[in-house]
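What follows is a single structure, written as structure tokens, with notes after it.
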Amino acid sequence: MKVRRISDALKVRASHQKDDIAHDDTRRQMTFFEWDSEVDEVGGGLAAAGLVPGDRVFLPISNMHAIEMAIAVFAVFRAGGIACPISTRLNPKEVADYAALCEPRFCITDSLDLVKDLDLAGCWSVDAMPRDLAALPDQAGLDPKADAEILATSGTTGKIKGVVVSHPDLMAGVTGTNMDRSRSTLHALPLTGSGGNLGIVMLPARGGATAITQPKFDPKGFLDLVHEKRPNLVYLVPSMLRLVLDHPDVADYDFDGVKYLMTGTAPLPHDSVKRAMELWPHVRIRNSYGMSEGGVGVGTRSKEQVLKPGCVGKLPDNMQLRDENGNVITEIGVVGEIYGWQKHARRYWNDPDASAASFAGGWTKTGDLGYVDEDGDLIMAGRSKELIIRGGYNITPLEIETVLHLHPAVQQAAVVGVPHEILGEDIAAAVTLRPKQRATSDEIIAFCREHLGDNKVPRTLVVMDDMPLNPNGKILKKDLAEPLAKAAAERRKATVKN
């Protein structure tokens, strides 16, 4: 058959790899043939319920039902609809706000209470999805250039937006049917985010490998799955990697079958790289960078690159650094905003103003900062919106966070700018500590003074029990801004009194 959409690629895989495992969510394994068959049935069921091409289908499905998520997403494609995955960790108001943006007609979920107040033409639980093979639309009649998905951005700094991904976009990088049948990837990424959705849900159809999903991340459970499933590749976001490395029995687990450790979605602490290399010297570590809006990606390819703090690989031709006036930066070591170009540009759903501000001529304004070193490697320097301007000097939080992660007691670290009457902004930090480790705020600040210039040392530092995290494991700095600003004000007030 002619492969026009990624759902067509699944049909071809089902023919050539009928009995190979496509998805494994630890409670069930699903072959390519089973996946393809169920997708046809549910796709027909959605069409029979009244779905017409372009209708949005809400998919608040947790990783507890990863296989059902894979079925639902591809069923929406086969029915001609637009899939709208959304995290089940959001509260009902956030879900309602996102629904108001996407205006879904239908919903498949494992969290019915989360969507009970939405105005929907049809809503089904994952264990009772509509099925009607006879009603499946003719796939040749579906538009191969249509919108395929609306992916919610992480919302770390503000209101959730919907990034539109087209079918041609999803087809980029789809390989033929030849593959190394031993390939498998173990992960715990939420399948509602871009990394989990584009990287994992699509993975088997895209390249023929097996996707193994841990239903809910915990370090010991992940290590147990490495031992049990023997994946070739493991994907851990930096926060998950640190928790795995800090597990007291990590050295006792067999990683012999793992060839690659992939990480990304957030800055990678340098000490995590060194600890992983010491623990698993045979594993090739790859640090990657990409974003929902851009669709562009880059990653390290050598040991030397991944050992550079902040390095995400060579700056490719489809990425640029630009200054605040939009001029391309060619000088070594000069920080600029990262722009990425892709053939199938994305946009924000129902938000033309935000789309115009972020997407132009195929180029995406990422909001991320970086610079190119003397080797041509791209070094991340944080987010432009997070840039701290202290007394007229630009300070990137990532540089300070890198030092904080070097402290032997620190597990997680986040740095934000807080209001200051004279300086404009001052530096405040929040940290969590590793298990059984102790350190005071003053001790950690003193450590920073040994490794940073005085103007970059946090004046306020709060030791927290837990960090606010989004579903992808990123620290929600917007949730730290107010408590850290309050702590900084109290510190200055106490200093004045003394």
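Ordering of the structure tokens sets the chain letters (A, B, ...); residue numbers start at 1 within each chain; ligands are numbered from 1 in the order shown.
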Check your understanding: Which residues come within 6 Å of segment 462-467 of chain A, counting only C-alpha atoms, excluding same-chain residues fewer than 4 positions away, as a PyMOL selection string?
Key -> chain A and resi 430-432
Write out as a count of residues only each polymer residue whose atoms come within 8 Å of Thr265 of chain A, counting only C-alpha atoms; drop sequence neighbours fewer than 2 positions from it.
11
Need the shell around Gly313 of chain A: protein/DNA/RNA residues with any atom at most 8 Å away, counting only C-alpha atoms. Skip same-chain ones fewer than 3 positions apart. Format as a short mmCIF file (atom, residue, chain, number, x, y, z; two decimals) with C-alpha atoms, in the first residue's frame?
data_model
loop_
_atom_site.label_atom_id
_atom_site.label_comp_id
_atom_site.auth_asym_id
_atom_site.auth_seq_id
_atom_site.Cartn_x
_atom_site.Cartn_y
_atom_site.Cartn_z
CA ASN A 287 21.97 14.42 25.69
CA SER A 288 19.35 15.86 23.35
CA VAL A 298 19.93 17.94 18.07
CA GLY A 299 21.95 15.66 20.33
CA THR A 300 25.46 14.80 21.46
CA ARG A 301 27.33 12.14 19.52
CA GLN A 305 30.46 16.37 23.90
CA VAL A 306 28.30 14.90 26.65
CA ASP A 377 29.10 22.64 19.76
CA LEU A 378 25.87 24.22 20.96
CA ILE A 379 25.98 24.98 24.69
#
*Where in segment 298-341 of chain A does DSSP assign strand (DSSP E or B), given as number ranges by chain?*
A: 298-299, 311-314, 319-322, 328, 336-341
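Each of A:Gly221, A:Leu423, A:Ile395, A:Gly162 was checked against Asp351 of chain A using only C-alpha atoms; the smallest atom-to-atom distance is that of A:Gly162.
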Here is a test: counting only C-alpha atoms, which residue of A:Leu203, A:Leu186, A:Val95, A:Met64 is nearest to Ala152 of chain A?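 Result for the nearest residue to Ala152 of chain A: A:Val95.
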Exercise: Asp132 of chain A partners within 12 Å, only C-alpha atoms, chain neighbours under 2 positions left out, as a short mmCIF file (atom, residue, chain, number, x, y, z; two decimals) with N, CA, C and O atoms, in the first residue's frame:
data_model
loop_
_atom_site.label_atom_id
_atom_site.label_comp_id
_atom_site.auth_asym_id
_atom_site.auth_seq_id
_atom_site.Cartn_x
_atom_site.Cartn_y
_atom_site.Cartn_z
N SER A 37 -5.05 -3.94 14.15
CA SER A 37 -6.43 -4.43 14.13
C SER A 37 -7.32 -3.61 15.05
O SER A 37 -8.44 -3.23 14.68
N GLU A 38 -6.83 -3.33 16.27
CA GLU A 38 -7.64 -2.56 17.20
C GLU A 38 -7.80 -1.12 16.75
O GLU A 38 -8.84 -0.49 16.97
N VAL A 39 -6.78 -0.58 16.12
CA VAL A 39 -6.87 0.78 15.58
C VAL A 39 -7.97 0.87 14.53
O VAL A 39 -8.76 1.83 14.50
N ASP A 40 -8.05 -0.13 13.66
CA ASP A 40 -9.12 -0.15 12.65
C ASP A 40 -10.49 -0.20 13.31
O ASP A 40 -11.42 0.53 12.90
N GLU A 41 -10.63 -1.05 14.32
CA GLU A 41 -11.93 -1.20 14.98
C GLU A 41 -12.36 0.09 15.67
O GLU A 41 -13.51 0.54 15.52
N VAL A 42 -11.45 0.70 16.43
CA VAL A 42 -11.79 1.92 17.17
C VAL A 42 -11.94 3.10 16.22
O VAL A 42 -12.81 3.96 16.41
N GLY A 43 -11.11 3.16 15.19
CA GLY A 43 -11.27 4.22 14.19
C GLY A 43 -12.64 4.17 13.55
O GLY A 43 -13.30 5.20 13.36
N GLY A 44 -13.09 2.95 13.23
CA GLY A 44 -14.43 2.80 12.69
C GLY A 44 -15.50 3.16 13.70
O GLY A 44 -16.53 3.76 13.35
N GLY A 45 -15.25 2.83 14.96
CA GLY A 45 -16.20 3.17 16.01
C GLY A 45 -16.37 4.67 16.17
O GLY A 45 -17.49 5.17 16.38
N LEU A 46 -15.28 5.41 16.07
CA LEU A 46 -15.35 6.86 16.16
C LEU A 46 -16.13 7.44 14.98
O LEU A 46 -16.95 8.35 15.13
N ALA A 47 -15.86 6.88 13.78
CA ALA A 47 -16.58 7.36 12.60
C ALA A 47 -18.07 7.06 12.72
O ALA A 47 -18.92 7.89 12.36
N ALA A 48 -18.39 5.87 13.22
CA ALA A 48 -19.80 5.50 13.39
C ALA A 48 -20.49 6.40 14.40
O ALA A 48 -21.71 6.65 14.30
N ALA A 49 -19.73 6.93 15.37
CA ALA A 49 -20.30 7.82 16.39
C ALA A 49 -20.51 9.23 15.85
O ALA A 49 -21.10 10.07 16.55
N GLY A 50 -20.03 9.49 14.63
CA GLY A 50 -20.27 10.80 14.02
C GLY A 50 -19.04 11.64 13.76
O GLY A 50 -19.15 12.77 13.29
N ALA A 75 -6.17 5.41 16.15
CA ALA A 75 -7.57 5.28 15.75
C ALA A 75 -8.13 6.63 15.32
O ALA A 75 -8.90 6.71 14.34
N ALA A 79 -9.63 7.55 11.64
CA ALA A 79 -10.98 8.11 11.49
C ALA A 79 -10.96 9.47 10.81
O ALA A 79 -12.01 9.98 10.42
N MET A 129 -13.86 1.49 24.52
CA MET A 129 -13.77 2.35 23.33
C MET A 129 -14.75 1.88 22.26
O MET A 129 -15.02 0.68 22.15
N PRO A 130 -15.29 2.80 21.47
CA PRO A 130 -16.26 2.41 20.43
C PRO A 130 -15.56 1.58 19.35
O PRO A 130 -14.43 1.88 18.96
N ALA A 134 -16.71 -1.98 10.29
CA ALA A 134 -17.40 -1.73 9.01
C ALA A 134 -17.51 -0.24 8.68
O ALA A 134 -17.66 0.13 7.51
N ALA A 135 -17.42 0.62 9.71
CA ALA A 135 -17.58 2.06 9.48
C ALA A 135 -16.26 2.78 9.24
O ALA A 135 -16.25 4.01 9.07
N LEU A 136 -15.15 2.04 9.20
CA LEU A 136 -13.84 2.68 9.01
C LEU A 136 -13.78 3.40 7.67
O LEU A 136 -14.09 2.82 6.63
N PRO A 137 -13.40 4.69 7.64
CA PRO A 137 -13.32 5.43 6.37
C PRO A 137 -12.26 4.86 5.44
O PRO A 137 -11.28 4.24 5.87
#
Could you check the closest approach to Ser194 of chain A for each of A:Tyr253, A:Ala209, A:Pro458, A:Ser292 and tell me which residue wins, using only C-alpha atoms?
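Using only C-alpha atoms, Ser194 of chain A sits closest to A:Ser292.
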